[in-house]
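J.: Let me give you the structure first, and then I'll get to my questions.
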Amino acid sequence: MKITKIHDLYFKELISEKELQEIVKTLALQVKKDLPENEVPLFIGILNGCFMFASDFIRQYKGDCEISFVKLASYNGTESSEEVKKLIGVNEDLTGKTVIILEDIIDTGTTLQEIYEIFRHKNLKELKIVSLFFKPDVYRKELPIEYIGKSIEDKFIVGYGLDYDGLGRNLPAIYQLTTQPKMKNIVLFGPPGAGKGTQATLLKEKYNLVHISTGDVFRYNIKNETELGVLAKKYIDAGDLVPDEVTINMLKEEVNKNSDANGFIFDGFPRTESQAQALDAFLAEKNERINGMVALEVPEDLLVERILERGKTSGRSDDTDEEKIRNRFNEYNTKTAILKDFYQAQGNFYGVDGVGTIDEITERLSNVFDKL
Ligand code: AMP
C-alpha cells in the first residue's frame, strides 16, 4: 500500500491514478451523451482543487466546448461580520449558455449552494454540476448534482488537486487520512556488529517496546530445528540473507503475537527494499507506521574487530569465520545500506554515532527516541 506523509499526517492511497482516469473518462462520456447533438457547453472549473480533474475531464470530452475557471473567495465584509462568498473570474456574458460546473469534491454542499446562488442571476439556458467526489454522509442540501464520479466516506482526502494545508495537490492519486497511530515503531539500523542487539535490549526496557530481532528469531528456530530453522540455516551459515518472503512472513507473525504492544524496535529488519515496503504496507493496514529509522554509524574496520571478538563467546559460526563476516558486509552494502535513502525520502532517517561506550551510545539513541 502506498503511504505518503504531508506535514505531520500520514495518508494512504485510496484511489489509484488508473482508477481516477477511468472515473473521469466515464463522466466525460456521460455528460456528452446527455447534451443535445450540437450543444457547445461552457465548462467552468472551481479552483483551486479542480485543476487536475478539469484538465483530464476536458481532454476526455469529445466535442466542441468552452472552458473557464473561477475561484470562490471568502470576504469578511467591512460593514457586517457576515462572511460573503464571491466568484472571481466570471466576467463574460453567460446569457443563454449551458454552463457545466466542474467541482473536485462536494461534502456539506455549502460551496455548491453559493454556486447555485451566483449563477441563478445569469440567465443561463441550463446549469449542471459535475463533481468528481461526493460525501453522501455529510451532504446537507437538496440541490441537484447531476454527475458524481465516486461517492466516498467522510474522511479527509488529498491529491489530484486537493490539498492538506497547501500541500499534496500534485499527487497523481487520491490519498486518505489514516487514523492517528498509537504505537512508536523504530527501525534500529546499522551494519553487522554495530551494536543493535545490545542497544535494543536496553532501549526496549526504557521505552516499554517489544524488541524483534529477526536474527534471534532465526537462531531460535535453528536451535529448535523447526521447519523455518532448517530452511534458514543454510543462508545464515553462509552469511547470505534469508529470502524476503520467508523473512517477511516471520516478521508479521512476530508482530501479530504482540498486538497490544506500545510499539516495536525492529532489529535486523528490514534488510532489503522489498522488506521495507512490506513493513510499511503491513503497518499501514493497522493504521500504524515507522516513526523513524535510527542508524548506528560505525566504521567497517572496527566492526570486523568487534564481530571477531563477539565470536569468541557468541557461539555463532557466522561470527568466527572472516569470509562469512565479509559476505555479511557484502550483503549489507549491496542490499541493505540503500534503506537509508528509503527512510530519508520519508523524512524518517536519523544517524547516530555508534562509536563510544555502551552508555554513551544509549544516551545518543535516547535523544533520538525521545523525539520520535
Ligand atoms: P543478525 O543477527 O541480525 O546479524 O542476522 C543474522 C543472519 O540472519 C543474517 O546474516 C541473515 O542470514 C539472517 N537474517 C536476519 N534478518 C534478516 C532479514 N531481515 N532478511 C534476511 N535475512 C535476515
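Labels used: A, B, ... for chains in the order of the C-alpha cells, numbers from 1 for residues in each chain, and numbers from 1 for ligands as shown.
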For region 302-312 of chain A, find every residue with an atom within 7 Å (counting only C-alpha atoms), except residues of its own chain fewer than 4 positions away, and show them as a PyMOL selection string.
T.: chain A and resi 193-194+298+316+319-320
J.: Enumerate the residues of region 103-350 of chain A with a DSSP assignment of alpha helix (DSSP H), computed from the backbone, and present them as a PyMOL selection string.
T.: chain A and resi 110-120+196-207+214-223+227-238+244-256+273-285+300-314+322-331+339-345
J.: With distances taken over only C-alpha atoms, which of A:Asn327, A:Asn185, A:Thr313, A:Asn333 is nearest to Ile265 (chain A)?
T.: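 Of the candidates, the smallest distance to Ile265 (chain A) is held by A:Asn185.
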J.: If DSSP is run on the backbone, what residues of region 156-252 of chain A are strand (DSSP E)? A reply as a PDB file with N, CA and C atoms, in the first residue's frame would be ideal.
T.:
```pdb
ATOM      1  N   ILE A 157      -9.378  13.676   2.381  1.00  0.00           N
ATOM      2  CA  ILE A 157      -8.551  13.167   1.283  1.00  0.00           C
ATOM      3  C   ILE A 157      -7.677  14.278   0.687  1.00  0.00           C
ATOM      4  N   VAL A 158      -6.560  13.840   0.111  1.00  0.00           N
ATOM      5  CA  VAL A 158      -5.673  14.775  -0.597  1.00  0.00           C
ATOM      6  C   VAL A 158      -5.227  14.150  -1.903  1.00  0.00           C
ATOM      7  N   ILE A 174      -5.400   9.674  -5.268  1.00  0.00           N
ATOM      8  CA  ILE A 174      -6.083  10.220  -4.092  1.00  0.00           C
ATOM      9  C   ILE A 174      -5.641   9.433  -2.852  1.00  0.00           C
ATOM     10  N   TYR A 175      -5.298  10.166  -1.821  1.00  0.00           N
ATOM     11  CA  TYR A 175      -4.867   9.557  -0.558  1.00  0.00           C
ATOM     12  C   TYR A 175      -5.832   9.954   0.557  1.00  0.00           C
ATOM     13  N   GLN A 176      -6.038   9.001   1.472  1.00  0.00           N
ATOM     14  CA  GLN A 176      -6.979   9.229   2.573  1.00  0.00           C
ATOM     15  C   GLN A 176      -6.215   9.274   3.895  1.00  0.00           C
ATOM     16  N   LEU A 177      -6.668  10.142   4.771  1.00  0.00           N
ATOM     17  CA  LEU A 177      -6.017  10.270   6.081  1.00  0.00           C
ATOM     18  C   LEU A 177      -6.157   8.970   6.868  1.00  0.00           C
ATOM     19  N   LYS A 184       4.813   3.435  18.859  1.00  0.00           N
ATOM     20  CA  LYS A 184       6.108   4.019  18.485  1.00  0.00           C
ATOM     21  C   LYS A 184       6.887   2.861  17.875  1.00  0.00           C
ATOM     22  N   ASN A 185       7.126   2.923  16.583  1.00  0.00           N
ATOM     23  CA  ASN A 185       7.834   1.839  15.897  1.00  0.00           C
ATOM     24  C   ASN A 185       9.147   2.354  15.330  1.00  0.00           C
ATOM     25  N   ILE A 186      10.215   1.688  15.760  1.00  0.00           N
ATOM     26  CA  ILE A 186      11.529   2.189  15.352  1.00  0.00           C
ATOM     27  C   ILE A 186      12.339   1.079  14.677  1.00  0.00           C
ATOM     28  N   VAL A 187      12.938   1.429  13.568  1.00  0.00           N
ATOM     29  CA  VAL A 187      13.879   0.510  12.918  1.00  0.00           C
ATOM     30  C   VAL A 187      15.263   0.880  13.437  1.00  0.00           C
ATOM     31  N   LEU A 188      15.873  -0.059  14.172  1.00  0.00           N
ATOM     32  CA  LEU A 188      17.236   0.171  14.630  1.00  0.00           C
ATOM     33  C   LEU A 188      18.146  -0.414  13.559  1.00  0.00           C
ATOM     34  N   PHE A 189      18.941   0.452  12.986  1.00  0.00           N
ATOM     35  CA  PHE A 189      19.640   0.095  11.758  1.00  0.00           C
ATOM     36  C   PHE A 189      21.143   0.176  11.944  1.00  0.00           C
ATOM     37  N   VAL A 210       8.497  -3.623  22.358  1.00  0.00           N
ATOM     38  CA  VAL A 210       8.835  -5.022  22.096  1.00  0.00           C
ATOM     39  C   VAL A 210       9.991  -5.055  21.085  1.00  0.00           C
ATOM     40  N   HIS A 211      11.020  -5.827  21.436  1.00  0.00           N
ATOM     41  CA  HIS A 211      12.203  -5.919  20.574  1.00  0.00           C
ATOM     42  C   HIS A 211      12.074  -7.154  19.687  1.00  0.00           C
ATOM     43  N   ILE A 212      12.093  -6.939  18.378  1.00  0.00           N
ATOM     44  CA  ILE A 212      12.095  -8.096  17.468  1.00  0.00           C
ATOM     45  C   ILE A 212      13.402  -8.100  16.700  1.00  0.00           C
ATOM     46  N   SER A 213      14.223  -9.122  16.989  1.00  0.00           N
ATOM     47  CA  SER A 213      15.459  -9.301  16.223  1.00  0.00           C
ATOM     48  C   SER A 213      15.230 -10.493  15.298  1.00  0.00           C
TER      49      SER A 213
END
```
J.: Expressed in Å to a single decimal, how great is the separation between atom 16 (N, counted along the ligand's line) of ligand 1 and CA of Gln344 (chain A)?
T.: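 Answer for the atom 16 (N, counted along the ligand's line) of ligand 1 to CA of Gln344 (chain A) separation: 21.1 Å.
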J.: Would you mind listing what lies within 6 Å of region 237-241 of chain A as a PyMOL selection string, with only C-alpha atoms counted and same-chain residues fewer than 4 positions away left out?
T.: chain A and resi 233+318+324+327-328
